[in-house]
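Structure data (compact mmCIF, C-alpha atoms and all ligand atoms) from work-v3.txt:
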# COMPACT_ATOMS: atom_id res chain seq x y z
CA MET A 37 23.84 -8.53 14.08
CA ILE A 38 26.08 -10.72 11.89
CA GLU A 39 24.47 -13.84 13.41
CA LEU A 40 21.00 -12.43 12.82
CA VAL A 41 21.82 -11.68 9.19
CA SER A 42 23.14 -15.23 8.70
CA ALA A 43 20.02 -16.72 10.29
CA LEU A 44 17.80 -14.54 8.09
CA LYS A 45 19.73 -15.56 4.98
CA ARG A 46 19.23 -19.22 5.79
CA ALA A 47 15.54 -18.72 6.58
CA SER A 48 14.69 -16.45 3.65
CA ARG A 49 16.65 -18.31 0.97
CA GLY A 50 16.78 -14.85 -0.59
CA GLU A 51 18.29 -11.42 -0.28
CA VAL A 52 19.15 -10.02 3.16
CA LEU A 53 20.84 -6.62 3.19
CA ARG A 54 21.67 -3.97 5.79
CA ASP A 55 21.02 -0.22 5.61
CA VAL A 56 19.01 -0.26 2.43
CA PRO A 57 17.68 3.14 1.30
CA LEU A 58 13.88 3.09 1.24
CA ALA A 59 13.27 6.38 -0.57
CA PRO A 60 13.84 4.80 -4.02
CA ARG A 61 11.52 1.97 -3.01
CA THR A 62 8.53 4.20 -2.38
CA SER A 63 6.68 6.25 -4.94
CA VAL A 64 7.11 9.60 -3.13
CA ARG A 65 10.85 8.95 -2.75
CA VAL A 66 11.50 10.33 0.72
CA GLY A 67 12.77 8.79 3.94
CA GLY A 68 15.71 6.97 5.43
CA PRO A 69 17.01 3.41 5.20
CA ALA A 70 15.81 0.05 6.45
CA GLN A 71 18.14 -1.38 9.04
CA LEU A 72 17.45 -4.80 7.51
CA TRP A 73 15.97 -5.59 4.11
CA VAL A 74 14.73 -9.14 3.66
CA ARG A 75 13.29 -10.76 0.53
CA PRO A 76 12.02 -14.23 1.43
CA ARG A 77 11.89 -16.55 -1.56
CA ASP A 78 8.39 -17.97 -0.93
CA PRO A 79 5.65 -18.12 1.72
CA GLU A 80 7.33 -20.94 3.63
CA ALA A 81 10.57 -18.96 3.74
CA LEU A 82 8.61 -15.95 4.99
CA VAL A 83 7.25 -18.00 7.91
CA ALA A 84 10.80 -19.02 8.77
CA VAL A 85 11.95 -15.37 8.54
CA LEU A 86 9.16 -14.25 10.87
CA GLY A 87 10.23 -16.94 13.33
CA VAL A 88 13.83 -15.69 13.30
CA LEU A 89 12.73 -12.07 13.74
CA CYS A 90 10.44 -12.94 16.62
CA ASP A 91 13.03 -15.02 18.41
CA ALA A 92 15.46 -12.12 18.07
CA GLY A 93 12.83 -9.55 19.12
CA VAL A 94 13.26 -7.61 15.89
CA PRO A 95 10.21 -5.65 14.69
CA TRP A 96 9.21 -5.90 11.05
CA PHE A 97 7.15 -4.12 8.46
CA ALA A 98 5.90 -5.44 5.09
CA LEU A 99 6.47 -3.12 2.15
CA GLY A 100 4.59 -3.65 -1.10
CA GLY A 101 5.19 -1.27 -3.98
CA GLY A 102 5.53 1.67 -1.56
CA ALA A 103 2.81 3.57 -3.45
CA ASN A 104 0.95 4.45 -0.27
CA THR A 105 3.82 4.69 2.17
CA VAL A 106 5.83 7.63 3.50
CA VAL A 107 8.97 6.51 5.33
CA GLY A 108 10.36 8.79 8.05
CA ASP A 109 13.75 10.45 7.53
CA GLY A 110 15.18 8.34 10.36
CA GLY A 111 14.34 5.18 8.39
CA VAL A 112 12.97 1.94 9.77
CA GLU A 113 14.60 0.28 12.74
CA GLY A 114 14.08 -3.41 12.31
CA ALA A 115 13.35 -5.42 9.21
CA VAL A 116 11.50 -4.44 6.07
CA LEU A 117 10.04 -7.49 4.36
CA LYS A 118 9.68 -7.28 0.63
CA LEU A 119 7.90 -9.95 -1.40
CA ALA A 120 9.02 -10.48 -4.99
CA PRO A 121 6.44 -10.45 -7.82
CA ASP A 122 6.92 -14.22 -8.23
CA PHE A 123 6.93 -14.86 -4.48
CA ALA A 124 3.90 -17.20 -4.81
CA ALA A 125 2.69 -19.00 -7.91
CA GLU A 126 -0.55 -17.69 -9.39
CA GLN A 127 -3.48 -19.99 -9.90
CA VAL A 128 -6.75 -19.83 -11.83
CA GLU A 129 -9.88 -21.85 -11.14
CA GLU A 130 -12.44 -21.44 -13.87
CA GLY A 131 -16.12 -21.47 -12.98
CA GLY A 132 -18.89 -21.02 -15.57
CA ASP A 133 -19.73 -17.38 -14.98
CA HIS A 134 -16.74 -16.50 -12.85
CA ALA A 135 -13.07 -17.23 -12.28
CA LEU A 136 -11.17 -17.49 -9.03
CA LEU A 137 -7.74 -15.88 -9.31
CA THR A 138 -5.08 -16.55 -6.71
CA LEU A 139 -2.19 -14.11 -6.84
CA GLY A 140 0.93 -13.74 -4.74
CA ALA A 141 0.91 -10.66 -2.51
CA GLY A 142 4.05 -9.35 -4.24
CA ALA A 143 2.45 -9.39 -7.70
CA PRO A 144 1.65 -5.99 -9.22
CA ILE A 145 -1.98 -4.85 -9.14
CA ALA A 146 -1.65 -4.63 -12.93
CA ARG A 147 -1.23 -8.42 -12.96
CA PHE A 148 -4.60 -8.80 -11.21
CA VAL A 149 -6.13 -6.80 -14.06
CA SER A 150 -4.34 -8.68 -16.85
CA LEU A 151 -5.06 -12.10 -15.33
CA ALA A 152 -8.73 -11.14 -15.02
CA ARG A 153 -8.74 -10.08 -18.68
CA GLU A 154 -7.21 -13.41 -19.71
CA GLN A 155 -10.27 -15.00 -18.07
CA ARG A 156 -12.73 -12.59 -19.75
CA GLY A 157 -13.20 -11.02 -16.31
CA VAL A 158 -15.22 -7.80 -16.06
CA GLY A 159 -15.64 -5.18 -13.35
CA VAL A 160 -11.90 -4.70 -12.81
CA ALA A 161 -11.48 -1.39 -14.68
CA TRP A 162 -11.19 0.45 -11.33
CA ALA A 163 -7.86 -1.28 -10.63
CA ALA A 164 -6.20 -0.45 -13.94
CA GLY A 165 -4.45 2.77 -12.93
CA ILE A 166 -3.60 1.97 -9.32
CA PRO A 167 0.12 1.42 -8.67
CA GLY A 168 1.33 -1.10 -6.10
CA THR A 169 1.10 -4.76 -5.26
CA VAL A 170 -1.71 -7.16 -4.49
CA GLY A 171 -0.58 -7.11 -0.82
CA GLY A 172 -0.99 -3.34 -0.71
CA MET A 173 -4.24 -3.50 -2.66
CA VAL A 174 -5.79 -5.80 -0.05
CA THR A 175 -4.31 -4.04 3.00
CA MET A 176 -5.55 -0.67 1.78
CA ASN A 177 -8.75 -2.07 0.24
CA ALA A 178 -7.63 0.00 -2.73
CA GLY A 179 -10.26 1.27 -5.10
CA THR A 180 -12.00 4.13 -6.80
CA ALA A 181 -15.56 5.39 -7.00
CA THR A 182 -16.40 2.44 -9.28
CA GLY A 183 -14.94 -0.51 -7.39
CA ALA A 184 -12.53 -1.77 -4.76
CA ALA A 185 -10.57 -4.85 -3.74
CA ALA A 186 -13.37 -5.84 -1.36
CA ASP A 187 -15.69 -6.41 -4.35
CA HIS A 188 -13.54 -9.36 -5.44
CA LEU A 189 -11.77 -10.69 -2.41
CA GLU A 190 -12.74 -14.21 -1.29
CA ALA A 191 -9.89 -15.03 1.08
CA VAL A 192 -6.28 -14.25 1.86
CA GLU A 193 -3.41 -16.41 2.94
CA VAL A 194 -1.35 -14.93 5.75
CA ALA A 195 1.97 -15.83 7.28
CA THR A 196 2.76 -15.58 10.97
CA PRO A 197 5.68 -17.13 12.84
CA ASP A 198 3.31 -20.06 13.49
CA GLY A 199 2.72 -20.88 9.83
CA LEU A 200 0.46 -20.14 6.88
CA ARG A 201 -3.31 -20.04 7.00
CA TRP A 202 -6.24 -18.89 4.91
CA VAL A 203 -8.56 -16.22 6.28
CA PRO A 204 -11.97 -15.57 4.69
CA ALA A 205 -12.45 -12.02 3.41
CA ALA A 206 -15.43 -11.57 5.75
CA GLU A 207 -13.05 -11.68 8.72
CA LEU A 208 -10.98 -8.76 7.39
CA ARG A 209 -13.74 -6.18 8.01
CA LEU A 210 -13.02 -4.48 4.72
CA SER A 211 -14.37 -0.97 4.39
CA TYR A 212 -13.37 2.25 2.66
CA ARG A 213 -9.52 1.99 2.45
CA ARG A 214 -9.45 -0.25 5.50
CA CYS A 215 -8.71 -3.88 6.17
CA GLU A 216 -8.01 -5.58 9.46
CA LEU A 217 -5.36 -8.23 8.94
CA PRO A 218 -4.79 -10.64 11.81
CA GLN A 219 -2.23 -9.14 14.19
CA GLY A 220 1.37 -9.70 13.19
CA ALA A 221 0.38 -11.27 9.86
CA VAL A 222 1.97 -10.72 6.49
CA LEU A 223 -0.24 -11.31 3.49
CA THR A 224 1.12 -13.96 1.17
CA ARG A 225 -1.69 -14.65 -1.33
CA ALA A 226 -5.09 -13.25 -2.22
CA ARG A 227 -7.92 -15.15 -3.86
CA CYS A 228 -10.18 -12.92 -5.93
CA ARG A 229 -13.43 -13.70 -7.72
CA VAL A 230 -14.09 -12.00 -11.02
CA ARG A 231 -17.28 -12.27 -13.04
CA ARG A 232 -16.79 -13.44 -16.60
CA GLY A 233 -18.55 -11.48 -19.32
CA ALA A 234 -19.35 -11.86 -22.99
CA GLU A 235 -16.89 -10.28 -25.44
CA PRO A 236 -18.73 -6.92 -25.80
CA GLU A 237 -18.81 -6.50 -22.01
CA VAL A 238 -15.08 -7.34 -21.76
CA GLN A 239 -14.35 -4.77 -24.47
CA GLU A 240 -16.44 -2.17 -22.66
CA ASP A 241 -14.59 -2.86 -19.39
CA SER A 242 -11.24 -2.42 -21.18
CA ARG A 243 -12.46 0.88 -22.62
CA SER A 244 -13.47 2.08 -19.12
CA ALA A 245 -10.03 1.12 -17.83
CA LYS A 246 -8.34 3.16 -20.58
CA ALA A 247 -10.64 6.12 -19.90
CA ASP A 248 -9.80 5.92 -16.19
CA VAL A 249 -6.06 5.96 -16.92
CA GLU A 250 -6.60 9.00 -19.19
CA ARG A 251 -8.61 10.73 -16.46
CA ARG A 252 -5.75 10.17 -14.02
CA ARG A 253 -3.23 11.63 -16.50
CA ALA A 254 -5.40 14.72 -16.88
CA THR A 255 -6.15 15.29 -13.20
CA GLN A 256 -3.24 13.85 -11.18
CA PRO A 257 0.41 15.01 -10.96
CA LEU A 258 1.79 11.76 -12.34
CA SER A 259 5.03 13.28 -13.63
CA LEU A 260 6.31 13.94 -10.09
CA PRO A 261 6.91 11.45 -7.26
CA ASN A 262 3.88 11.22 -4.94
CA SER A 263 2.04 8.68 -2.85
CA GLY A 264 -1.45 9.06 -4.27
CA SER A 265 -4.24 10.58 -2.21
CA VAL A 266 -2.82 11.85 1.05
CA PHE A 267 -6.18 11.84 2.87
CA VAL A 268 -9.24 9.66 2.57
CA ASN A 269 -12.30 11.56 1.45
CA PRO A 270 -14.57 12.57 4.31
CA ARG A 271 -18.14 11.35 3.95
CA GLY A 272 -19.95 13.31 1.25
CA ASP A 273 -16.98 15.50 0.33
CA PHE A 274 -13.54 15.43 -1.24
CA ALA A 275 -10.30 16.03 0.66
CA GLY A 276 -8.80 17.73 -2.42
CA ARG A 277 -11.71 20.16 -2.65
CA LEU A 278 -11.40 21.09 1.04
CA ILE A 279 -7.63 21.63 0.82
CA GLU A 280 -8.08 23.76 -2.28
CA GLN A 281 -10.84 25.72 -0.53
CA VAL A 282 -8.47 26.74 2.29
CA GLY A 283 -6.00 28.06 -0.29
CA LEU A 284 -3.27 25.46 0.02
CA LYS A 285 -3.01 24.33 -3.60
CA GLY A 286 0.62 24.83 -4.63
CA GLU A 287 1.81 25.39 -1.02
CA ARG A 288 5.46 24.39 -0.53
CA ARG A 289 7.57 23.21 2.36
CA GLY A 290 11.17 22.51 1.48
CA GLY A 291 11.12 20.22 -1.55
CA ALA A 292 7.51 19.10 -1.09
CA GLN A 293 4.43 20.75 -2.55
CA ILE A 294 0.68 20.36 -2.30
CA SER A 295 0.16 19.67 -5.97
CA ASP A 296 -1.19 22.55 -8.01
CA LYS A 297 -2.90 19.94 -10.18
CA HIS A 298 -4.72 18.02 -7.42
CA ALA A 299 -4.72 19.33 -3.86
CA ASN A 300 -5.00 15.86 -2.26
CA PHE A 301 -1.58 14.93 -3.67
CA ILE A 302 1.75 15.99 -2.18
CA VAL A 303 4.53 15.88 -4.75
CA ASN A 304 8.27 15.65 -4.30
CA LEU A 305 9.83 18.42 -6.38
CA GLY A 306 13.21 16.72 -6.21
CA ASP A 307 14.77 17.13 -2.80
CA ALA A 308 11.82 16.70 -0.43
CA THR A 309 12.29 15.09 2.97
CA ALA A 310 9.69 13.16 4.93
CA ALA A 311 9.67 16.11 7.36
CA ASP A 312 8.59 18.42 4.49
CA VAL A 313 5.79 16.02 3.55
CA VAL A 314 4.60 15.68 7.16
CA GLU A 315 4.63 19.46 7.59
CA LEU A 316 2.28 19.82 4.64
CA ILE A 317 0.04 17.00 5.90
CA ALA A 318 -0.22 18.71 9.29
CA LEU A 319 -0.79 22.13 7.70
CA ALA A 320 -3.61 20.83 5.48
CA ARG A 321 -5.26 19.02 8.38
CA GLY A 322 -5.02 22.06 10.64
CA LYS A 323 -6.34 24.56 8.12
CA VAL A 324 -9.21 22.37 6.96
CA LEU A 325 -10.16 21.61 10.57
CA ALA A 326 -10.13 25.29 11.50
CA ALA A 327 -12.17 26.32 8.46
CA THR A 328 -14.71 23.50 8.28
CA GLY A 329 -14.57 21.43 11.48
CA ILE A 330 -13.69 18.39 9.35
CA GLU A 331 -10.76 16.34 10.58
CA LEU A 332 -9.06 14.85 7.54
CA GLN A 333 -7.65 11.37 8.06
CA PRO A 334 -4.47 10.33 6.28
CA GLU A 335 -4.76 7.57 3.72
CA VAL A 336 -0.97 7.33 3.37
CA ARG A 337 0.85 5.11 5.83
CA LEU A 338 3.52 6.91 7.85
CA VAL A 339 6.21 4.43 8.73
CA GLY A 340 9.46 4.48 10.69
CA THR A 341 11.21 7.24 12.60
CA PHE A 342 10.23 10.83 11.86
CA ARG A 343 12.46 13.80 12.66
CA PRO A 344 11.02 15.87 14.17
CA PRO A 345 8.62 13.30 15.67
CA LEU A 346 5.17 13.14 14.10
CA PRO A 347 2.82 15.78 15.49
CA GLU A 348 0.47 14.54 18.20
CA GLU A 349 -2.55 14.34 15.89
CA LEU A 350 -0.74 12.11 13.39
CA SER A 351 0.59 9.77 16.01
CA PRO A 352 -0.03 7.11 17.15
CA HIS A 353 -3.30 6.61 15.25
CA HIS A 354 -1.88 6.87 11.79
CA PHE A 355 1.43 5.30 12.52
CA VAL A 356 1.73 1.69 11.45
CA PRO A 357 3.35 -0.03 14.39
CA LEU A 358 6.18 -2.39 13.66
CA LEU A 359 4.88 -5.56 15.12
CA ARG A 360 6.52 -7.87 17.59
CA ARG A 361 5.33 -11.36 18.27
CA ARG A 362 3.06 -11.57 21.24
CA SER A 363 4.59 -13.66 23.94
CA ALA A 364 3.25 -17.22 23.82
C1 LIG A 401 -0.25 8.00 -8.56
C2 LIG A 401 -0.99 7.19 -7.54
C3 LIG A 401 -2.35 6.96 -7.71
C4 LIG A 401 -3.05 6.19 -6.76
N1 LIG A 401 -4.38 5.97 -6.95
C5 LIG A 401 -5.05 5.22 -6.05
C6 LIG A 401 -6.45 4.96 -6.23
O1 LIG A 401 -7.06 5.35 -7.20
N2 LIG A 401 -7.07 4.23 -5.29
C7 LIG A 401 -6.42 3.72 -4.20
O2 LIG A 401 -7.03 3.03 -3.37
N3 LIG A 401 -5.10 3.96 -4.00
C8 LIG A 401 -4.41 4.69 -4.90
N4 LIG A 401 -3.08 4.94 -4.70
C9 LIG A 401 -2.41 4.42 -3.50
C10 LIG A 401 -1.75 3.03 -3.68
O3 LIG A 401 -1.51 2.81 -5.05
C11 LIG A 401 -2.63 1.92 -3.13
O4 LIG A 401 -2.91 2.11 -1.76
C12 LIG A 401 -1.96 0.55 -3.30
O5 LIG A 401 -2.85 -0.45 -2.93
C13 LIG A 401 -0.70 0.46 -2.47
O6 LIG A 401 -0.06 -0.75 -2.78
P1 LIG A 401 1.47 -0.94 -2.39
O7 LIG A 401 1.83 -2.34 -2.65
O8 LIG A 401 2.31 0.09 -3.04
O9 LIG A 401 1.39 -0.68 -0.82
P2 LIG A 401 2.52 -0.11 0.17
O10 LIG A 401 2.53 1.37 0.09
O11 LIG A 401 3.79 -0.81 -0.02
O12 LIG A 401 1.89 -0.56 1.57
C14 LIG A 401 0.66 -0.01 2.00
C15 LIG A 401 0.26 -0.73 3.28
O13 LIG A 401 0.04 -2.10 2.97
C16 LIG A 401 0.84 -2.93 3.80
N5 LIG A 401 1.26 -4.10 3.03
C17 LIG A 401 1.72 -4.15 1.78
N6 LIG A 401 1.97 -5.42 1.42
C18 LIG A 401 1.65 -6.18 2.49
C19 LIG A 401 1.70 -7.57 2.77
N7 LIG A 401 2.11 -8.47 1.86
N8 LIG A 401 1.29 -8.01 3.99
C20 LIG A 401 0.88 -7.14 4.94
N9 LIG A 401 0.81 -5.80 4.73
C21 LIG A 401 1.20 -5.34 3.53
C22 LIG A 401 2.04 -2.08 4.20
O14 LIG A 401 2.59 -2.56 5.41
C23 LIG A 401 1.37 -0.71 4.34
O15 LIG A 401 0.76 -0.61 5.60
C24 LIG A 401 -2.37 5.67 -5.65
C25 LIG A 401 -0.99 5.90 -5.48
C26 LIG A 401 -0.30 6.66 -6.42
C27 LIG A 401 1.17 6.88 -6.25
Could I get this structure in the form of structure tokens?
Amino acid sequence: MIELVSALKRASRGEVLRDVPLAPRTSVRVGGPAQLWVRPRDPEALVAVLGVLCDAGVPWFALGGGANTVVGDGGVEGAVLKLAPDFAAEQVEEGGDHALLTLGAGAPIARFVSLAREQRGVGVAWAAGIPGTVGGMVTMNAGTATGAAADHLEAVEVATPDGLRWVPAAELRLSYRRCELPQGAVLTRARCRVRRGAEPEVQEDSRSAKADVERRRATQPLSLPNSGSVFVNPRGDFAGRLIEQVGLKGERRGGAQISDKHANFIVNLGDATAADVVELIALARGKVLAATGIELQPEVRLVGTFRPPLPEELSPHHFVPLLRRRSA
């Protein structure tokens, strides 16, 4: 282990730590530690880190802002890769009626919005209230009813142990909260196209963004730790409405609660464990299925070791596998 840590330090040219608590690094604040925590300095360092991990047979997982991730109480065996906000330099190419923005995957989503604004970009109001990083925004194809990452994405740069390469957005099969990254790849940069508008249109877009943030304050339990919508909305309906309909609003397990403000949010009342959160996820799925025949699908990513193990219906489909390099 000491040799591995030394090799990772050399490769990453950044922080490498052992047994790092992940709960404070996710928005719902539950779960155990990462066996290894690695912050590569830049994309080239990330490639070198992936090489070291593969040679050593150590699985890895990329964590963005942790706003959509629930870590199991047993933590993550292997390495958690964390990209700093300035991991990759941002770049702007100005076109007449549009701008191409290249952001590092570790940059906050808020930076996508502010960079777009600096370029008189419009149509980005949807992103204004979404926490997380550009890497998470692309991987989750984050969005709202009025827009999503897919509307802007031109291409992404990914790192694998073999190097860096650009992948056109069309190859990512982006759909509602889904994106298919090449296997074993970590996103390093995203290139997004934003349309440039005249001043009144830019002002209007800023107003919509503010209204959206206000709407979130009024309807979402933002004063308590949570990981956003727990389930994706089934076609033509709302997960929150279905969970409320089966009487689970306010339901508690241990320190976790199905929010009494928005039933598709699970909040941490202070001492929740991942097991409490998973129990509520399973309860909501089971009750909604029994009452309506609709099988809710988790939007949150369940990562690491869960105790007790994840129930059958949440595993393995909704478990993000820690990836190993395929043998050459
Ligand atoms: C209060 C609140 C409100 C929210 N509202 C919305 C909303 O309106 N719409 C919406 O879509 N989401 C919403 N979310 C969920 C979340 O903000 C988004 O999914 C966001 O895109 C997650 O970004 P992140 O960096 O935190 O991702 P993380 O939770 O860190 O990661 C999510 C997934 O992306 C992967 N990932 C992250 N970075 C990389 C990378 N560089 N390379 C490869 N994989 C990577 C992770 O492995 C994981 O599988 C909300 C969350 C909260 C807490």
_Interatomic distance (Å, one decimal) between atom CA of Leu305 of chain A and atom CA of Ser263 of chain A_ =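 So the two atoms, atom CA of Leu305 of chain A and atom CA of Ser263 of chain A, lie 13.0 Å apart.
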Write out as a short mmCIF file (atom, residue, chain, number, x, y, z; two decimals) with C-alpha atoms, keeping the file's coordinate frame the residues lying within 8 Å of segment 342-347 of chain A, counting all atoms listed in the file and excluding same-chain residues fewer than 6 positions away.
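Written file, part_8.cif:
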data_model
loop_
_atom_site.label_atom_id
_atom_site.label_comp_id
_atom_site.auth_asym_id
_atom_site.auth_seq_id
_atom_site.Cartn_x
_atom_site.Cartn_y
_atom_site.Cartn_z
CA VAL A 107 8.97 6.51 5.33
CA GLY A 108 10.36 8.79 8.05
CA ASP A 109 13.75 10.45 7.53
CA GLY A 110 15.18 8.34 10.36
CA GLY A 111 14.34 5.18 8.39
CA ALA A 310 9.69 13.16 4.93
CA ALA A 311 9.67 16.11 7.36
CA VAL A 314 4.60 15.68 7.16
CA ALA A 318 -0.22 18.71 9.29
#
*Counting all atoms listed in the file, what residues are within 7 Å of ligand LIG 401 (chain A), given as a count of residues only?*
41
*Determine, counting all atoms listed in the file, which protein, DNA and RNA residues have an atom within 12 Å of an atom of Ser295 of chain A; residues of the same chain fewer than 2 positions away are not included. Present the result as a ChimeraX atom specification.*
/A:255-266,276,279-280,283-289,291-293,297-305,313,316
Given 8 Å on each side, where is the centre and what are the edge lengths in Å to one decimal of the axis-aligned box enclosing the listed atoms of segment 157-174 of chain A, as lines of an AutoDock Vina configuration file?
center_x = -7.2
center_y = -4.1
center_z = -8.2
size_x = 33.0
size_y = 29.8
size_z = 32.3
*Interatomic distance between atom CA of Gly183 of chain A and atom CA of Gly132 of chain A?*
22.4 Å
_Would you compute the distance between atom CA of Arg243 of chain A and atom CA of Ser150 of chain A? Give it in Å to one decimal._
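Rounded to one decimal, the two atoms are 13.8 Å apart.
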*Go through A:Arg153, A:Arg214, A:Arg201, A:Arg49 one by one, measure the shortest atom-to-atom distance of each to Ala184 of chain A using only C-alpha atoms, and give the residue with the smallest value.*
A:Arg214
